[in-house]
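Q: I am sharing data.tsv, which consists of TSV, C-alpha atoms:
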```
chain	number	residue	atom	x	y	z
X	29	MET	CA	96.43	48.95	80.08
X	30	ALA	CA	99.93	50.27	80.01
X	31	GLU	CA	98.79	52.96	77.56
X	32	THR	CA	95.94	54.03	79.88
X	33	THR	CA	98.34	54.25	82.80
X	34	LEU	CA	100.67	56.34	80.68
X	35	VAL	CA	97.82	58.70	79.68
X	36	HIS	CA	96.70	59.02	83.30
X	37	ASP	CA	100.27	59.63	84.34
X	38	VAL	CA	100.66	62.35	81.75
X	39	LEU	CA	97.30	63.99	82.58
X	40	GLY	CA	98.00	63.79	86.28
X	41	ARG	CA	101.43	65.35	85.87
X	42	ASP	CA	99.96	68.11	83.69
X	43	ALA	CA	97.28	68.84	86.26
X	44	VAL	CA	99.84	68.95	89.05
X	45	GLU	CA	102.08	71.27	87.02
X	46	ARG	CA	99.10	73.49	86.20
X	47	ASP	CA	98.17	73.68	89.89
X	48	VAL	CA	101.74	74.60	90.82
X	49	THR	CA	101.88	77.31	88.16
X	50	GLU	CA	98.53	78.76	89.23
X	51	GLY	CA	99.64	78.62	92.85
X	52	GLU	CA	102.84	80.45	92.01
X	53	ARG	CA	100.92	83.06	90.07
X	54	ALA	CA	98.47	83.60	92.93
X	55	ALA	CA	101.35	83.76	95.43
X	56	ARG	CA	103.06	86.35	93.25
X	57	ARG	CA	99.86	88.41	93.08
X	58	LEU	CA	99.47	88.31	96.86
X	59	ALA	CA	103.11	89.30	97.36
X	60	VAL	CA	102.86	92.19	94.90
X	61	ARG	CA	99.68	93.42	96.60
X	62	GLU	CA	101.06	93.12	100.10
X	63	PHE	CA	104.44	94.68	99.42
X	64	ARG	CA	103.07	97.59	97.43
X	65	PRO	CA	103.63	100.91	99.24
X	66	PRO	CA	100.30	101.90	100.85
X	67	ARG	CA	100.90	105.71	100.80
X	68	PRO	CA	98.39	106.44	103.54
X	69	LEU	CA	99.25	110.14	103.80
X	70	ALA	CA	98.30	110.86	100.18
X	71	GLY	CA	95.01	108.98	100.61
X	72	PHE	CA	94.23	110.79	103.85
X	73	ALA	CA	95.06	114.21	102.34
X	74	ALA	CA	92.91	113.55	99.27
X	75	ALA	CA	89.96	112.34	101.35
X	76	LEU	CA	90.24	115.37	103.61
X	77	LEU	CA	90.39	117.69	100.61
X	78	VAL	CA	87.35	116.12	98.93
X	79	THR	CA	85.38	116.28	102.20
X	80	ALA	CA	86.34	119.90	102.94
X	81	ALA	CA	85.88	121.19	99.40
X	82	GLY	CA	82.62	119.29	98.87
X	83	GLY	CA	81.21	120.36	102.24
X	84	THR	CA	82.13	124.02	101.77
X	85	ALA	CA	80.74	124.14	98.25
X	86	ALA	CA	77.56	122.34	99.31
X	87	ALA	CA	76.92	124.77	102.18
X	88	GLU	CA	77.50	127.85	100.01
X	89	LEU	CA	75.45	126.53	97.07
X	90	LEU	CA	72.59	125.46	99.32
X	91	ALA	CA	72.49	128.91	100.91
X	92	ALA	CA	72.42	130.47	97.44
X	93	ALA	CA	69.70	128.06	96.28
X	94	LEU	CA	67.54	129.02	99.26
X	95	GLY	CA	67.98	132.68	98.32
X	96	SER	CA	69.90	133.57	101.47
X	97	GLY	CA	72.31	136.44	101.08
X	98	VAL	CA	74.30	135.21	104.09
X	99	HIS	CA	77.43	133.12	103.57
X	100	PRO	CA	77.27	130.23	106.05
X	101	LEU	CA	81.05	129.75	106.23
X	102	PRO	CA	83.52	132.38	107.46
X	103	GLY	CA	85.53	133.81	104.58
X	104	GLY	CA	82.93	132.71	102.04
X	105	ALA	CA	81.99	136.29	101.18
X	106	ALA	CA	85.62	137.28	100.55
X	107	VAL	CA	86.25	134.28	98.27
X	108	THR	CA	83.04	134.92	96.30
X	109	GLU	CA	83.96	138.56	95.90
X	110	ALA	CA	87.47	137.64	94.71
X	111	LEU	CA	86.04	135.15	92.18
X	112	ARG	CA	83.68	137.85	90.92
X	113	HIS	CA	86.27	140.57	90.49
X	114	ARG	CA	89.55	138.81	89.63
X	115	SER	CA	89.91	137.55	86.08
X	116	TRP	CA	91.27	134.17	84.90
X	117	ASN	CA	94.60	135.81	84.00
X	118	ASP	CA	95.00	137.34	87.48
X	119	PRO	CA	98.29	136.10	89.04
X	120	ALA	CA	96.47	134.82	92.15
X	121	VAL	CA	93.99	132.81	90.04
X	122	LEU	CA	96.84	131.46	87.89
X	123	ALA	CA	98.77	130.47	91.03
X	124	GLY	CA	95.69	128.71	92.41
X	125	ALA	CA	95.22	126.82	89.14
X	126	ALA	CA	98.88	125.81	89.07
X	127	ALA	CA	98.66	124.62	92.69
X	128	ALA	CA	95.57	122.52	91.89
X	129	MET	CA	97.37	121.04	88.88
X	130	ALA	CA	100.46	120.20	90.92
X	131	LEU	CA	98.38	118.63	93.69
X	132	GLY	CA	96.44	116.58	91.16
X	133	LEU	CA	99.67	115.37	89.58
X	134	ALA	CA	101.04	114.44	93.01
X	135	PHE	CA	97.89	112.43	93.81
X	136	LEU	CA	98.04	110.69	90.44
X	137	LEU	CA	101.69	109.77	90.99
X	138	ALA	CA	100.89	108.52	94.49
X	139	ALA	CA	98.17	106.31	93.03
X	140	LEU	CA	100.65	104.50	90.79
X	141	PRO	CA	101.60	101.04	92.07
X	142	GLY	CA	105.18	102.06	92.80
X	143	ARG	CA	108.19	100.01	93.77
X	144	PRO	CA	107.47	97.14	96.18
X	145	ARG	CA	108.79	97.72	99.69
X	146	GLY	CA	110.54	94.38	99.83
X	147	VAL	CA	111.99	91.65	97.68
X	148	PRO	CA	109.26	88.96	97.42
X	149	LEU	CA	110.36	85.42	98.15
X	150	ASP	CA	109.65	82.46	95.93
X	151	GLY	CA	106.70	80.27	96.84
X	152	ALA	CA	103.75	78.35	95.43
X	153	ASP	CA	101.25	78.80	98.27
X	154	PRO	CA	98.63	81.36	97.14
X	155	ARG	CA	97.85	82.19	100.79
X	156	LEU	CA	101.41	83.04	101.74
X	157	ALA	CA	103.56	86.04	100.86
X	158	GLY	CA	107.06	86.59	102.16
X	159	GLY	CA	109.57	89.29	101.57
X	160	LEU	CA	112.91	90.65	102.62
X	161	ARG	CA	113.76	94.33	102.76
X	162	ARG	CA	116.01	95.51	99.96
X	163	ALA	CA	118.63	96.82	102.31
X	164	ASP	CA	118.63	93.47	104.13
X	165	LEU	CA	119.17	91.55	100.91
X	166	ARG	CA	122.05	93.83	99.97
X	167	ARG	CA	123.47	93.46	103.44
X	168	THR	CA	123.26	89.67	103.45
X	169	LEU	CA	124.88	89.47	100.00
X	170	ALA	CA	127.66	91.81	101.12
X	171	ASP	CA	128.15	89.58	104.14
X	172	ALA	CA	128.49	86.53	101.88
X	173	ALA	CA	131.03	88.27	99.67
X	174	LEU	CA	132.97	89.44	102.70
X	175	ALA	CA	133.36	85.84	103.84
X	176	VAL	CA	135.57	85.07	100.83
X	177	PRO	CA	139.20	84.98	101.99
X	178	GLY	CA	141.10	88.02	100.79
X	179	ILE	CA	138.07	90.32	100.38
X	180	GLU	CA	138.30	93.29	102.68
X	181	ARG	CA	135.62	95.65	101.42
X	182	VAL	CA	132.26	95.07	99.75
X	183	ARG	CA	129.48	97.31	98.58
X	184	VAL	CA	126.29	95.99	96.96
X	185	ARG	CA	124.11	98.28	94.91
X	186	ALA	CA	121.22	97.99	92.49
X	187	ARG	CA	122.16	98.57	88.88
X	188	ARG	CA	121.46	102.15	87.91
X	189	TRP	CA	119.25	101.53	84.88
X	190	GLY	CA	116.65	98.92	84.08
X	191	ARG	CA	113.19	97.64	84.90
X	192	GLY	CA	112.27	97.25	88.57
X	193	THR	CA	114.76	97.40	91.39
X	194	PHE	CA	116.03	93.89	91.63
X	195	ARG	CA	115.14	92.70	88.16
X	196	ARG	CA	117.65	95.15	86.87
X	197	GLY	CA	120.36	93.31	88.76
X	198	LEU	CA	122.91	93.99	91.42
X	199	VAL	CA	126.43	95.29	91.28
X	200	VAL	CA	128.79	93.85	93.88
X	201	ARG	CA	131.91	95.97	94.23
X	202	ALA	CA	134.53	94.10	96.20
X	203	ALA	CA	138.09	95.06	97.04
X	204	THR	CA	140.95	92.79	97.99
X	205	TYR	CA	144.32	93.52	99.49
X	206	TYR	CA	145.94	90.90	97.23
X	207	ARG	CA	148.10	92.14	94.41
X	208	ASN	CA	147.09	89.23	92.21
X	209	PRO	CA	143.35	88.59	92.52
X	210	ALA	CA	143.42	85.39	90.35
X	211	ASN	CA	139.84	83.96	90.38
X	212	LEU	CA	138.62	85.97	93.37
X	213	ASP	CA	135.79	87.51	91.34
X	214	ASP	CA	134.51	84.00	90.55
X	215	LEU	CA	134.69	83.11	94.22
X	216	VAL	CA	132.78	86.24	95.17
X	217	ARG	CA	130.17	85.50	92.50
X	218	ALA	CA	129.83	81.93	93.76
X	219	ALA	CA	129.45	83.12	97.36
X	220	VAL	CA	126.77	85.64	96.38
X	221	ASP	CA	124.96	83.04	94.25
X	222	GLU	CA	125.05	80.60	97.12
X	223	ARG	CA	123.56	83.20	99.46
X	224	LEU	CA	120.86	83.99	96.89
X	225	ASP	CA	120.06	80.26	96.83
X	226	ARG	CA	119.53	80.50	100.58
X	227	VAL	CA	117.24	83.50	100.29
X	228	GLU	CA	115.30	82.27	97.22
X	229	PRO	CA	113.89	85.57	95.90
X	230	MET	CA	110.95	85.41	93.51
X	231	HIS	CA	112.92	87.22	90.80
X	232	ARG	CA	116.55	86.29	90.95
X	233	PRO	CA	118.66	89.37	90.26
X	234	ARG	CA	121.54	89.23	87.83
X	235	VAL	CA	124.74	89.73	89.78
X	236	ASP	CA	127.65	91.66	88.36
X	237	VAL	CA	130.89	91.42	90.34
X	238	ARG	CA	133.51	94.15	90.04
X	239	LEU	CA	136.74	93.49	91.84
X	240	GLY	CA	139.42	95.97	92.78
X	241	TRP	CA	142.89	94.98	93.93
X	242	ARG	CA	146.19	96.48	95.01
X	243	LYS	CA	148.31	97.83	92.22
X	244	ASP	CA	151.26	99.22	94.20
V	4	MET	CA	92.10	103.06	97.90
V	5	ARG	CA	94.18	103.83	94.82
V	6	ILE	CA	91.23	104.31	92.48
V	7	PRO	CA	89.62	107.18	94.49
V	8	LEU	CA	93.07	108.72	94.85
V	9	ALA	CA	93.65	108.50	91.09
V	10	VAL	CA	90.17	109.93	90.36
V	11	THR	CA	90.74	112.86	92.77
V	12	GLY	CA	94.15	113.48	91.21
V	13	ALA	CA	92.78	113.33	87.68
V	14	VAL	CA	89.91	115.73	88.46
V	15	LEU	CA	92.28	118.21	90.17
V	16	LEU	CA	94.78	117.95	87.33
V	17	LEU	CA	92.07	118.45	84.71
V	18	CYS	CA	90.46	121.43	86.50
V	19	GLY	CA	93.82	123.01	87.32
V	20	SER	CA	95.18	122.67	83.80
V	21	ALA	CA	91.90	123.95	82.27
V	22	ALA	CA	91.95	127.00	84.57
V	23	LEU	CA	95.62	127.61	83.79
V	24	ALA	CA	94.95	127.31	80.06
V	25	ALA	CA	92.00	129.73	80.37
V	26	GLY	CA	94.18	132.21	82.28
V	27	LEU	CA	96.97	131.96	79.70
V	28	GLY	CA	94.52	132.69	76.90
V	29	ALA	CA	94.21	129.25	75.31
V	30	PHE	CA	90.42	129.63	75.06
V	31	ASP	CA	90.40	133.28	73.98
V	32	ALA	CA	89.10	132.23	70.57
V	33	LEU	CA	85.77	131.61	72.36
V	34	GLY	CA	85.54	135.26	73.42
V	35	ALA	CA	88.38	136.79	75.47
V	36	LEU	CA	87.87	134.32	78.31
V	37	SER	CA	91.16	135.17	80.05
V	38	GLY	CA	89.92	138.66	80.90
V	39	ARG	CA	86.67	137.46	82.49
V	40	PRO	CA	86.28	136.49	86.15
V	41	PRO	CA	85.73	132.83	87.16
V	42	LEU	CA	82.31	133.81	88.59
V	43	ASP	CA	81.23	135.49	85.36
V	44	PRO	CA	78.02	137.59	85.59
V	45	SER	CA	76.51	135.50	82.79
V	46	LEU	CA	77.11	132.34	84.86
V	47	VAL	CA	75.56	133.98	87.95
V	48	ARG	CA	72.59	135.08	85.85
V	49	TYR	CA	72.20	131.55	84.40
V	50	ALA	CA	72.26	130.04	87.89
V	51	ARG	CA	69.63	132.51	89.09
V	52	ASP	CA	67.36	132.01	86.06
V	53	GLU	CA	67.53	128.20	85.89
V	54	GLY	CA	65.86	126.93	89.04
V	55	TRP	CA	67.39	123.44	88.87
V	56	PHE	CA	71.03	124.55	88.60
V	57	LEU	CA	71.90	125.51	92.20
V	58	PRO	CA	70.11	122.55	93.88
V	59	VAL	CA	71.79	120.09	91.49
V	60	ALA	CA	75.21	121.69	92.05
V	61	ALA	CA	74.64	121.67	95.84
V	62	GLY	CA	73.56	118.01	95.69
V	63	THR	CA	76.64	117.08	93.67
V	64	ALA	CA	78.92	118.88	96.15
V	65	GLU	CA	77.16	117.20	99.06
V	66	ALA	CA	77.59	113.78	97.41
V	67	ALA	CA	81.31	114.50	96.97
V	68	ALA	CA	81.57	115.54	100.63
V	69	LEU	CA	79.80	112.36	101.74
V	70	ALA	CA	82.07	110.23	99.54
V	71	GLY	CA	85.09	111.97	101.08
V	72	GLN	CA	83.78	111.27	104.58
V	73	LEU	CA	83.19	107.63	103.72
V	74	TRP	CA	86.70	107.41	102.33
V	75	LEU	CA	88.11	108.92	105.53
V	76	VAL	CA	86.14	106.44	107.66
V	77	LEU	CA	87.35	103.50	105.57
V	78	GLN	CA	90.96	104.63	105.89
V	79	GLY	CA	90.60	105.13	109.63
V	80	ARG	CA	89.01	101.72	110.02
V	81	ALA	CA	91.80	100.07	108.03
V	82	LEU	CA	94.34	101.82	110.26
V	83	ILE	CA	92.63	100.62	113.43
V	84	GLN	CA	92.26	97.10	112.07
V	85	ARG	CA	96.01	96.91	111.58
V	86	ARG	CA	96.31	97.26	115.37
V	87	ARG	CA	93.19	95.45	116.51
V	88	PRO	CA	91.47	92.85	114.31
V	89	ASP	CA	87.75	93.24	113.83
V	90	VAL	CA	86.87	89.63	114.62
V	91	ASP	CA	84.64	88.11	117.29
V	92	PRO	CA	86.09	87.77	120.81
V	93	ARG	CA	86.36	83.98	120.60
V	94	VAL	CA	88.53	84.15	117.47
V	95	ARG	CA	90.59	86.94	119.06
V	96	ALA	CA	91.27	84.77	122.11
V	97	LEU	CA	92.16	81.78	119.92
V	98	ALA	CA	94.41	84.00	117.80
V	99	HIS	CA	96.16	85.31	120.90
V	100	VAL	CA	97.09	81.82	122.05
V	101	ALA	CA	97.96	80.59	118.54
V	102	SER	CA	100.12	83.68	117.90
V	103	GLY	CA	102.24	82.88	120.94
V	104	GLU	CA	102.68	79.29	119.77
V	105	LEU	CA	103.53	80.40	116.24
V	106	ALA	CA	106.13	82.89	117.48
V	107	VAL	CA	107.74	80.22	119.67
V	108	ALA	CA	107.79	77.74	116.78
V	109	ALA	CA	109.37	80.35	114.51
V	110	ARG	CA	112.04	81.27	117.06
V	111	GLU	CA	113.05	77.60	117.29
V	112	MET	CA	113.93	77.48	113.60
V	113	PRO	CA	117.61	77.63	112.67
V	114	GLY	CA	118.84	81.18	112.10
V	115	VAL	CA	115.71	82.83	113.49
V	116	GLN	CA	116.39	85.29	116.30
V	117	ASP	CA	112.98	86.77	116.92
V	118	ALA	CA	109.44	86.57	115.57
V	119	ARG	CA	106.36	88.72	116.06
V	120	VAL	CA	102.87	87.73	115.01
V	121	ARG	CA	99.74	89.81	114.66
V	122	LEU	CA	96.30	89.02	113.29
V	123	THR	CA	94.91	92.08	111.48
V	124	GLY	CA	91.96	93.05	109.29
V	125	SER	CA	88.31	92.13	109.62
V	126	ALA	CA	86.37	88.88	109.73
V	127	HIS	CA	85.83	89.21	105.96
V	128	ARG	CA	89.39	90.22	105.10
V	129	PRO	CA	91.71	88.90	107.79
V	130	ARG	CA	95.50	88.92	107.47
V	131	LEU	CA	98.18	87.37	109.60
V	132	ARG	CA	101.30	89.54	109.66
V	133	MET	CA	104.60	88.17	110.84
V	134	ARG	CA	107.95	89.78	111.30
V	135	VAL	CA	110.86	87.37	111.49
V	136	ASP	CA	114.32	88.57	112.45
V	137	CYS	CA	117.03	86.26	111.12
V	138	ALA	CA	120.77	85.93	111.38
V	139	ARG	CA	122.76	87.32	108.47
V	140	ASP	CA	123.51	83.88	107.03
V	141	ALA	CA	120.13	82.29	107.76
V	142	LEU	CA	118.48	80.07	105.17
V	143	VAL	CA	115.66	82.57	104.66
V	144	GLY	CA	114.04	80.62	101.83
V	145	GLU	CA	114.01	77.45	103.88
V	146	VAL	CA	112.64	79.18	106.99
V	147	TYR	CA	109.92	80.71	104.81
V	148	GLY	CA	108.98	77.34	103.33
V	149	GLU	CA	108.99	75.56	106.68
V	150	LEU	CA	106.96	78.28	108.37
V	151	GLY	CA	104.34	78.10	105.63
V	152	ALA	CA	104.14	74.34	105.68
V	153	GLY	CA	104.02	73.75	109.45
V	154	PRO	CA	103.45	76.43	112.08
V	155	VAL	CA	101.41	78.77	109.88
V	156	GLU	CA	99.14	75.93	108.80
V	157	ARG	CA	98.65	74.97	112.46
V	158	TYR	CA	97.76	78.62	113.19
V	159	ARG	CA	95.14	78.61	110.44
V	160	ARG	CA	93.58	75.45	111.86
V	161	ALA	CA	93.65	76.86	115.42
V	162	VAL	CA	91.74	80.01	114.51
V	163	GLY	CA	89.44	78.19	112.09
V	164	MET	CA	90.47	80.19	109.02
V	165	PRO	CA	91.83	77.72	106.46
V	166	ASP	CA	92.30	80.38	103.77
V	167	LEU	CA	93.88	83.03	105.99
V	168	PRO	CA	96.44	85.01	103.93
V	169	VAL	CA	99.77	85.28	105.73
V	170	VAL	CA	102.39	87.95	105.10
V	171	ILE	CA	105.88	87.31	106.46
V	172	ARG	CA	108.46	90.10	106.49
V	173	PHE	CA	111.98	88.92	107.07
V	174	ARG	CA	114.73	91.06	108.48
V	175	THR	CA	118.35	90.21	108.80
V	176	ALA	CA	120.44	91.18	111.79
V	177	ALA	CA	122.36	94.43	111.54
V	178	ALA	CA	125.55	93.52	109.74
V	179	ARG	CA	129.11	94.39	110.45
V	180	ARG	CA	130.10	97.22	108.14
V	181	GLY	CA	131.04	96.07	104.64
V	182	ARG	CA	134.67	96.00	105.58
V	183	ARG	CA	136.96	93.41	107.12
V	184	ARG	CA	140.34	93.88	108.71
V	185	ARG	CA	143.12	92.31	106.71
V	186	PRO	CA	144.97	89.58	108.58
V	187	ARG	CA	148.25	90.69	110.09
V	188	PRO	CA	151.24	88.46	109.60
V	189	GLY	CA	151.96	86.50	112.82
V	190	PRO	CA	155.22	86.88	114.77
V	191	ALA	CA	158.12	85.05	113.19
```
Give the structure from this file in structure tokens form.

A:
Amino acid sequence: MAETTLVHDVLGRDAVERDVTEGERAARRLAVREFRPPRPLAGFAAALLVTAAGGTAAAELLAAALGSGVHPLPGGAAVTEALRHRSWNDPAVLAGAAAAMALGLAFLLAALPGRPRGVPLDGADPRLAGGLRRADLRRTLADAALAVPGIERVRVRARRWGRGTFRRGLVVRAATYYRNPANLDDLVRAAVDERLDRVEPMHRPRVDVRLGWRKD
Amino acid sequence: MRIPLAVTGAVLLLCGSAALAAGLGAFDALGALSGRPPLDPSLVRYARDEGWFLPVAAGTAEAAALAGQLWLVLQGRALIQRRRPDVDPRVRALAHVASGELAVAAREMPGVQDARVRLTGSAHRPRLRMRVDCARDALVGEVYGELGAGPVERYRRAVGMPDLPVVIRFRTAAARRGRRRRPRPGPA
């Protein structure tokens, strides 16, 4: 009996843990999707381009298919003439090709997922996504560091190199007017850690504290 | 909307780089292509001789134009639905009342200064978007957890959408500059 209870206990705990993990994963997916930059301008420009280019080409090709010598769109005759008489190595054709290539590259880059617009918060509810703006997180951490007695100046920045923006960690540069800083850097680190505990980001950034003090 | 954007980008990049390569003489081994015009007489002749070519090309261009129009409409609809949800009037009325209650409940939480709530999206893909302004030292994680467990759940029940995805954007109050005055020694 006791063994059965133990097995049930273990299975139940496993199931609960599995549910929590799946919930966390789903919550993370929702947060990533919601905080991804939408880039509406690129989408709008591309849709407009496809519509305009497709419509123009369709009108001209249809007129040609029907045997009409008239170009239905203004400027169509000039473009056709230019395409008939200028060669591939003509500077204007090369410039047009380079422009198309650059535009295509810009659209491709805009289609990449990009850096999330906020720092997602930790949670296990798959229907809930929360986030804090990067600047706000930096500001709140700077505020925490500034509350340490003796600290007069603080600047929080993301580490220059690494993966992601907050996974790569934060650098807290603090300055004190004390001549002997003693364990102030530990106090600043503790204050920043405590504030991070309050915020509970999904990916906790590694915090590097650099302290400057008076040397006169 | 990223896949159509990526496809458009890839097609433009491919066509642009092929045209540039042709102009720079990369395909000259096939017969001095760089000196020929894009609308080569042989191509014009082929299009005239093959009866199917022009109608198929026109149909393809028309399909691309229609796809572009559909894409524009979808983007416009998504933009409008961020302002005004595409749900039936009864749900909209319920959401209006529940949004007010949710905002009040959020403002009563410790450290929360202001909260704005908006139901967005369509009946098939609804979203509740919240903006919560907090004090600098607010327990953001705790507010987030409590909002999700209580008021947001009540909102879902009120509008009859138990699986409604909710997105909460927190903001902290504008901080004092990252500088503090050093204490002056008091009078002796």

Q: Can you work out which residues from chain V touch chain X at a cut-off of 7 Å (counting all atoms listed in the file) and hand them back as a PyMOL selection string?

A: chain V and resi 5+8-9+11-13+15-16+19-20+22-23+25-27+37-43+57-58+60-62+64-65+67-69+71-72+74-75+139-140+142-144+151+166-175+178+181-185

Q: What residues have an atom no more than 10 Å from (152.1, 89.6, 92.8) in the file's own frame, counting all atoms listed in the file, and can you write them as a PyMOL selection string?

A: chain X and resi 206-210+242-244

Q: To test the calculation: enclose all listed atoms of range 68-86 of chain V in a box whose edges run along x, y and z, add 5 Å on each side, then state centre and edge lengths in Å to one decimal, as JSON.

A:
```
{"center_x": 88.1, "center_y": 106.2, "center_z": 107.5, "size_x": 26.5, "size_y": 28.6, "size_z": 25.8}
```

Q: Using all atoms listed in the file, can you tell me which of V:Val76, V:Ala141, V:Leu17, V:Phe56 comes closest to Ala176 in chain V?

A: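 Checking each of V:Val76, V:Ala141, V:Leu17, V:Phe56 against Ala176 in chain V, counting all atoms listed in the file, the winner is V:Ala141.
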
Q: So that I can check the surroundings of Arg238 in chain X, please list as a list in words every protein, DNA and RNA residue that reaches within 8 Å of it, counting all atoms listed in the file and ignoring chain neighbours fewer than 3 positions away.

A: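 Once the adjacent positions are removed, what remains is Val199, Val200, Arg201, Ala202 and Asp213 of chain X.
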
Q: Go ahead and write the residues just picked, C-alpha atoms, as a PDB file, in the coordinates of the input.

A:
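This went into part10.pdb:
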```
ATOM      1  CA  VAL X 199     126.430  95.290  91.280  1.00  0.00           C
ATOM      2  CA  VAL X 200     128.790  93.850  93.880  1.00  0.00           C
ATOM      3  CA  ARG X 201     131.910  95.970  94.230  1.00  0.00           C
ATOM      4  CA  ALA X 202     134.530  94.100  96.200  1.00  0.00           C
ATOM      5  CA  ASP X 213     135.790  87.510  91.340  1.00  0.00           C
TER       6      ASP X 213
END
```

Q: From the set V:Ala161, V:Ala35, V:Leu77, V:Val47, which residue has the shortest atom-to-atom contact distance to Ser102 in chain V, counting all atoms listed in the file?

A: V:Ala161

Q: To one decimal in Å, tell me the separation between CA of Leu97 in chain V and CA of Pro129 in chain V.

A: 14.1 Å

Q: Which one is closest to Ala126 in chain V: V:Gly34, V:Gly163, V:Gly153, V:Pro7? Count only C-alpha atoms.

A: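 Residue with the minimum atom-to-atom distance to Ala126 in chain V: V:Gly163.
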
Q: So how far away is CA of Asp221 in chain X from CA of Leu239 in chain X, in Å?

A: 15.9 Å

Q: Have a look at CA of Gly142 in chain X and CA of Met133 in chain V and let me know their distance in Å, one decimal.

A: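 Separating CA of Gly142 in chain X from CA of Met133 in chain V is a distance of 22.8 Å.
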